[in-house]
2 protein chains.
Amino acid sequence: MNKIRAIDQPLSLTRLAYKRLRETILSGQLKAGEIYNEMALAREMGVSRTPVREALLELSSQGLVTFLPRKGVQVNYFDDRDVEEVFELRKLIELAAVEKAVVNGTAPDWDEVEEILQQSRRAAGKRDLEAFLQADRRFHHQLVEVSRNSRMHSILDNLRDLVQVMSYEAINRVERMDEVVSEHDQIMRALRAGKAIEARDAMATHLDRSERAVLDQHRALMGSSEE
Amino acid sequence: MNKIRAIDQPLSLTRLAYKRLRETILSGQLKAGEIYNEMALAREMGVSRTPVREALLELSSQGLVTFLPRKGVQVNYFDDRDVEEVFELRKLIELAAVEKAVVNGTAPDWDEVEEILQQSRRAAGKRDLEAFLQADRRFHHQLVEVSRNSRMHSILDNLRDLVQVMSYEAINRVERMDEVVSEHDQIMRALRAGKAIEARDAMATHLDRSERAVLDQHRALMGSSEE
DNA sequence: ACGGCTTCTATTCCATGTAATATACTGCGT
DNA sequence: ACGCAGTATATTACATGGAATAGAAGCCGT
């Protein structure tokens with residue numbers, strides 16, 4: 001052990017504030033485009049301004065909020081161009097990841113992914129959006145996991161956050177949940193069969209469809225989110 | 001204009017502290033592995049602890065420093081695995097970027113890149129490391145620029161920072177400077193000729209060689225940077 | 001001499017105070 | 001009624017104060 005990686009910072013108010021703020025943004029409780037102020041946020045969570053500000057700083061460098069100098073902190077909103085940029089990156093990373101996964105993956109890895117797939121299938125059956133999103137996230141997460149590149153991993157996590165705020169309710173359409181499950185299934189089958197090209201193609205199809213779903217929703221809401 | 005992007009934050013002490021700290025790290029003035037403390041850094045640059053801390057927070061989320069809870073802030077050091085991770089990502093991004101560049105690039109774009117190449121050639125001739133690094137950076141920067149994905153851009157900037165601290169003096173070997181110029185030349189020629197595959201291959205070769213140069217230097221210094 | 005306990009110190013982490021500033025509002029003059 | 005100036009207010013950006021804690025150093029007993 002000659003390397004000190006990000007040490008556990010078990011409970012720090014900054015860390016806590018970060019987690020809570022991120023969740024409230026991802027869940028849509030803090031609305032995109034709205035401007036909030038540090039003091040109010042701090043009061044609401046019962047800590048001082050400092051840890052809240054530090055948490056917001058981190059969220060800012062992840063592209064979730066923007067500091068508006070003497071006005072407050074704005075939860076970012078996204079246009080079509082943003083969606084395209086994010087999905088372009090996801091394709092780069094995740095397509096490469098599945099190809100690597102075919103080489104690196106072992107049976108236990110596949111069993112793990114299979115288990116996650118089961119969870120998302122159950123969640124889709126119960127129409128449990130929260131659980132579904134979580135399982136969906138873990139599925140993609142796990143595939144990048146086997147490619148063993150921690151930086152790729154954290155970039156992807158960030159991109160997933162962006163996708164989630166870009167489209168909190170896009171996936172809510174019931175058909176899409178089932179579609180996603182079946183698309184994941186196809187990826188999984190190709191992976192187990194060791195077919196790199198097929199796996200890659202299946203992932204590409206999946207990401208393209210997800211992108212389209214997000215874009216369609218954006219268009220549907222057009223005009224309502226203008227400032 | 002319906003989109004407020006990162007507003008200019010013209011002069012803020014935090015921004016200023018960030019720039020200065022980043023530069024001192026990239027230039028090796030703050031040494032990898034060493035632990036510094038906020039107050040001393042703040043005193044040295046004549047501001048209070050707050051802006052310095054906020055700057056360090058940002059550097060931390062970019063992976064340049066690590067907060068060690070009651071000890072100080074450590075400038076990150078990197079092992080072979082880190083080098084591999086970073087270059088794996090660079091390849092993903094930059095190879096895709098050159099392919100897109102062939103499609104998107106216009107004559108003015110190529111002229112701009114050519115101009116940058118000239119600068120790096122001159123810098124290499126004069127053995128001016130500082131100027132060379134800057135031109136080298138601009139070269140890669142410009143190629144990603146034409147792919148018009150701002151997020152890809154900022155990720156690449158971050159990766160370049162990491163490469164620079166991983167190997168401040170690696171490129172110092174005079175042969176490598178000349179090699180780099182010639183490798184860039186080859187990429188450039190393929191781009192102008194509109195040959196996507198060749199451009200991609202040339203970039204792949206370039207990145208592979210750069211990675212090797214960094215790894216070689218790491219191996220050469222083996223043992224001296226152990227803690 | 002050495003191990004364990006205690007004290008001290010350095011440093012972050014969090015809280016709060018202060019000043020600058022952009023925006024909104026109010027009132028007056030025309 | 002409308003525009004403009006002046007003022008008030010809300011909010012950050014920055015500074016500083018206070019508390020907790022991890023690690024080092026010293027001390028005592030054996």
# chains A, B, ... in the order shown; residues from 1 in each chain; ligands from 1
$ residues_around --residues "DT9 of chain D" --least-positions-apart "4" --cutoff "12 Å" --atoms "only C-alpha atoms (C1' of nucleotides)" --output "VMD selection string"
chain C and resid 21 to 25
$ write_last_selection --atoms "N, CA, C and O atoms (P, O5', C5', C4', C3', O3' and C1' of nucleotides)" --output "mmCIF file, in the first residue's frame"
data_model
loop_
_atom_site.group_PDB
_atom_site.id
_atom_site.type_symbol
_atom_site.label_atom_id
_atom_site.label_comp_id
_atom_site.auth_asym_id
_atom_site.auth_seq_id
_atom_site.Cartn_x
_atom_site.Cartn_y
_atom_site.Cartn_z
ATOM 1 P P DT C 21 -17.595 47.224 -5.127
ATOM 2 O "O5'" DT C 21 -18.947 46.648 -5.708
ATOM 3 C "C5'" DT C 21 -19.200 45.252 -5.640
ATOM 4 C "C4'" DT C 21 -20.626 44.974 -6.033
ATOM 5 C "C3'" DT C 21 -21.234 46.062 -6.919
ATOM 6 O "O3'" DT C 21 -22.094 45.420 -7.840
ATOM 7 C "C1'" DT C 21 -22.589 45.746 -5.062
ATOM 8 P P DA C 22 -21.892 45.639 -9.439
ATOM 9 O "O5'" DA C 22 -23.078 44.816 -10.095
ATOM 10 C "C5'" DA C 22 -23.349 43.510 -9.615
ATOM 11 C "C4'" DA C 22 -24.815 43.356 -9.274
ATOM 12 C "C3'" DA C 22 -25.759 44.006 -10.288
ATOM 13 O "O3'" DA C 22 -26.787 43.073 -10.573
ATOM 14 C "C1'" DA C 22 -26.288 44.758 -8.109
ATOM 15 P P DT C 23 -27.677 43.260 -11.865
ATOM 16 O "O5'" DT C 23 -29.146 43.371 -11.261
ATOM 17 C "C5'" DT C 23 -29.535 42.458 -10.244
ATOM 18 C "C4'" DT C 23 -30.593 43.086 -9.359
ATOM 19 C "C3'" DT C 23 -31.737 43.767 -10.124
ATOM 20 O "O3'" DT C 23 -32.910 43.018 -9.882
ATOM 21 C "C1'" DT C 23 -31.020 45.050 -8.254
ATOM 22 P P DA C 24 -34.282 43.392 -10.603
ATOM 23 O "O5'" DA C 24 -35.097 44.070 -9.411
ATOM 24 C "C5'" DA C 24 -35.065 43.473 -8.121
ATOM 25 C "C4'" DA C 24 -35.702 44.396 -7.100
ATOM 26 C "C3'" DA C 24 -37.002 45.056 -7.571
ATOM 27 O "O3'" DA C 24 -37.889 45.106 -6.479
ATOM 28 C "C1'" DA C 24 -35.432 46.732 -6.996
ATOM 29 P P DC C 25 -39.439 45.485 -6.713
ATOM 30 O "O5'" DC C 25 -39.604 46.825 -5.893
ATOM 31 C "C5'" DC C 25 -38.993 46.921 -4.595
ATOM 32 C "C4'" DC C 25 -38.852 48.373 -4.205
ATOM 33 C "C3'" DC C 25 -40.089 49.227 -4.526
ATOM 34 O "O3'" DC C 25 -40.436 49.962 -3.382
ATOM 35 C "C1'" DC C 25 -38.131 50.276 -5.324
#
$ residues_around --residues "segment 13-16 of chain C" --least-positions-apart "3" --cutoff "9 Å" --atoms "only C-alpha atoms (C1' of nucleotides)" --output "count of residues only"
14
$ closest_residue --among "A:Arg15, A:Arg189, A:Arg160, A:Arg70" --to "chain D" --atoms "only C-alpha atoms (C1' of nucleotides)"
A:Arg70
$ interface_residues --of "chain C" --to "chain B" --cutoff "12 Å" --atoms "only C-alpha atoms (C1' of nucleotides)" --output "JSON, numbers by chain"
{"C": [10, 11, 12, 13]}
$ atom_distance --atom1 "atom CA of Asp136 of chain B" --atom2 "atom CA of Ile116 of chain B"
8.1 Å
$ residues_around --residues "segment 82-95 of chain A" --least-positions-apart "3" --cutoff "6 Å" --atoms "only C-alpha atoms (C1' of nucleotides)" --output "list in words"
Phe78, Asp79, Val98 and Arg200 of chain A; Asn149 of chain B
$ residues_around --residues "Ala17 of chain A" --least-positions-apart "6" --cutoff "10 Å" --atoms "only C-alpha atoms (C1' of nucleotides)" --output "list in words"
Glu23, Leu41, Ala42, Met45, Gly46, Val47, Pro51, Val52, Arg53, Glu54, Ala55 and Leu56 of chain A
$ interface_residues --of "chain D" --to "chain B" --cutoff "9 Å" --atoms "only C-alpha atoms (C1' of nucleotides)" --output "list in words"
DA13, DC14, DA15, DT16, DT21, DA22 and DG23 of chain D
$ closest_residue --among "A:Ala196, A:Ala123, A:Leu207, A:Ala220" --to "Lys100 of chain A" --atoms "only C-alpha atoms"
A:Ala196
